[in-house]
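Asker: Have a look at this one.
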Amino acid sequence: MENLKEALQYIAGLGVDAEKTEVLDINGKTYANKNLTRYDKMPKADRIKASTLTSMVDYIYQCNKEFPGSMIIHIVSPTRVLLMSALDKEREREVLFEVNAETSEFRFDQWYEQERMMIEMQANFQKNEDLELVLKAVGNIVKKNGETYSDDGCSQVATMTTGIATKADVIVPNPVELIPYRTFQEVGQPASKFVFRIADKEVPAFKIVEAEGGIWKNEAISNIKTFLMEHLSNMDTEIRSNITVIG
């Protein structure tokens, strides 16, 4: 019986497929009767995807004849920017170009063991004075010998090696101002305050926790907008007058 049911459904499907396609006009728009699919609608171009702001600038300069009219550069976030058209007659926008930044993969608020923390901090942060302090602390913390860390929630005291065989208690810097790679490489990376923590474990472990609630994103978006406006200003008036940057 199950096979018979499937056979009947298959035959019924053949009958539907064999139906003649009819054209319907609904409220001034043309549809095919199968699933009411619009076929008079202008197709949209596939967006070009890249990872740098420079690639978008090059596209605007070299390929602006592809633009359907007025264009908008929408800075969606510190890592995503879209080049899109103004509203068309269907009240839709066409995205011609999209850039997504390749940024640091550092995992904030997660513990790292000592060697990995040293590597990740150097690979994913710009150098500054506070980074050097953190690296010094991470690189010199030693395994506890029955002692505990002093911790008041804001600062910690840890045992660090100060020579070949000597050790001393030092205050771990907090908060620290660091500059992780979090937006496009062509613009300035915003600095932020972070809390640096040492785990109270037998084996040293460390983590960095964001302490400013994402304020850096506004600065990053502003930096991206400044970069784009500066490059657009060097283009012909006809090009720059057709493009609005929002973010």
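Ordering of the structure tokens sets the chain letters (A, B, ...); residue numbers start at 1 within each chain; ligands are numbered from 1 in the order shown.
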Please identify all polymer residues within 9 Å of Glu219 in chain A, counting only C-alpha atoms, omitting same-chain residues fewer than 6 positions from it, and present them as a list in words.

Answerer: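 Those residues are Pro78, Gln189 and Pro190 of chain A.
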
Asker: Quick one: everything within 10 Å of Glu129 in chain A, counting only C-alpha atoms, minus sequence neighbours fewer than 4 positions away in the same chain. Send it as a PyMOL selection string.

Answerer: chain A and resi 133-134+176-178

Asker: Do a neighbour search on Glu230 in chain A at 12 Å with only C-alpha atoms, toss out local chain neighbours closer than 5 positions, and write the hits as a list in words.

Answerer: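 Contacts, with the query itself left out: Thr54, Val57, Val187, Asn223, Ile224, Lys225, Met235, Arg240 and Val245 of chain A.
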
Asker: Need the shell around Pro204 in chain A: protein/DNA/RNA residues with any atom at most 10 Å away, counting only C-alpha atoms. Skip same-chain ones fewer than 2 positions apart. Format as a ChimeraX atom specification?

Answerer: /A:111-115,138,141-144,198-202,206

Asker: Using Å and a single decimal, report how far CA of Gln122 in chain A sits from CA of Ile179 in chain A.

Answerer: 11.0 Å

Asker: What is the CA of Pro173 in chain A-CA of Ile208 in chain A distance in Å, reported with one decimal?

Answerer: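 Atom-to-atom, CA of Pro173 in chain A and CA of Ile208 in chain A are spaced 11.7 Å apart.
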
Asker: So that I can check the surroundings of Ser77 in chain A, please list as a compact mmCIF listing (two decimals) with C-alpha atoms, in the first residue's frame every protein, DNA and RNA residue that reaches within 9 Å of it, counting only C-alpha atoms and ignoring chain neighbours fewer than 5 positions away.

Answerer:
# COMPACT_ATOMS: atom_id res chain seq x y z
CA THR A 183 38.82 46.29 12.22
CA LYS A 217 33.15 50.14 17.76
CA ASN A 218 32.05 53.76 17.35
CA ALA A 220 36.35 52.10 14.45
CA ILE A 221 33.32 53.03 12.33
CA GLY A 247 27.84 54.62 9.44

Asker: In Å, with one decimal, what is the gap from CA of Met71 in chain A to CA of Asn100 in chain A?

Answerer: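 If I compute the distance from CA of Met71 in chain A to CA of Asn100 in chain A, I get 18.8 Å.
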
Asker: Can you list, as an NGL selection string, every protein, DNA or RNA residue that comes within 10 Å of Asp46 in chain A when you count only C-alpha atoms, leaving out same-chain residues fewer than 5 positions away?

Answerer: :A and (94-97)

Asker: Deliver the residues from the most recent selection as a file, using C-alpha atoms, as a PDB file, in the first residue's frame.

Answerer:
ATOM      1  CA  GLU A  94      21.119  46.163  -4.911  1.00  0.00           C
ATOM      2  CA  VAL A  95      24.397  45.333  -3.134  1.00  0.00           C
ATOM      3  CA  LEU A  96      27.266  45.494  -5.615  1.00  0.00           C
ATOM      4  CA  PHE A  97      30.267  45.152  -3.296  1.00  0.00           C
TER       5      PHE A  97
END

Asker: Can you tell me which residues surround His74 in chain A at a distance of at most 6 Å, considering only C-alpha atoms, apart from same-chain residues fewer than 3 positions away, and format the answer as a ChimeraX atom specification?

Answerer: /A:81-82,246-247

Asker: Take the residues from that selection and write them out as a short mmCIF file (atom, residue, chain, number, x, y, z; two decimals), in the first residue's frame, keeping all heavy atoms.

Answerer:
data_model
loop_
_atom_site.label_atom_id
_atom_site.label_comp_id
_atom_site.auth_asym_id
_atom_site.auth_seq_id
_atom_site.Cartn_x
_atom_site.Cartn_y
_atom_site.Cartn_z
N VAL A 81 31.36 46.30 5.44
CA VAL A 81 30.96 47.50 4.71
C VAL A 81 30.30 47.08 3.40
O VAL A 81 30.80 46.19 2.70
CB VAL A 81 32.15 48.43 4.43
CG1 VAL A 81 31.70 49.69 3.68
CG2 VAL A 81 32.86 48.82 5.74
N LEU A 82 29.19 47.72 3.06
CA LEU A 82 28.45 47.41 1.85
C LEU A 82 28.39 48.62 0.93
O LEU A 82 28.23 49.75 1.39
CB LEU A 82 27.02 46.97 2.17
CG LEU A 82 26.82 45.78 3.11
CD1 LEU A 82 25.33 45.57 3.36
CD2 LEU A 82 27.46 44.53 2.55
N ILE A 246 27.44 56.34 4.98
CA ILE A 246 26.73 56.34 6.27
C ILE A 246 27.33 55.29 7.19
O ILE A 246 27.81 54.26 6.75
CB ILE A 246 25.21 56.09 6.10
CG1 ILE A 246 24.96 54.73 5.46
CG2 ILE A 246 24.56 57.19 5.30
CD1 ILE A 246 23.49 54.36 5.41
N GLY A 247 27.32 55.58 8.49
CA GLY A 247 27.84 54.62 9.44
C GLY A 247 27.76 55.15 10.85
O GLY A 247 27.37 56.29 11.08
#

Asker: Quick one: of A:Ile239, A:Met118, A:Val195, A:Ile215, who's nearest to Asn174 in chain A, counting only C-alpha atoms?

Answerer: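 So, comparing all the options, the nearest one is A:Val195.
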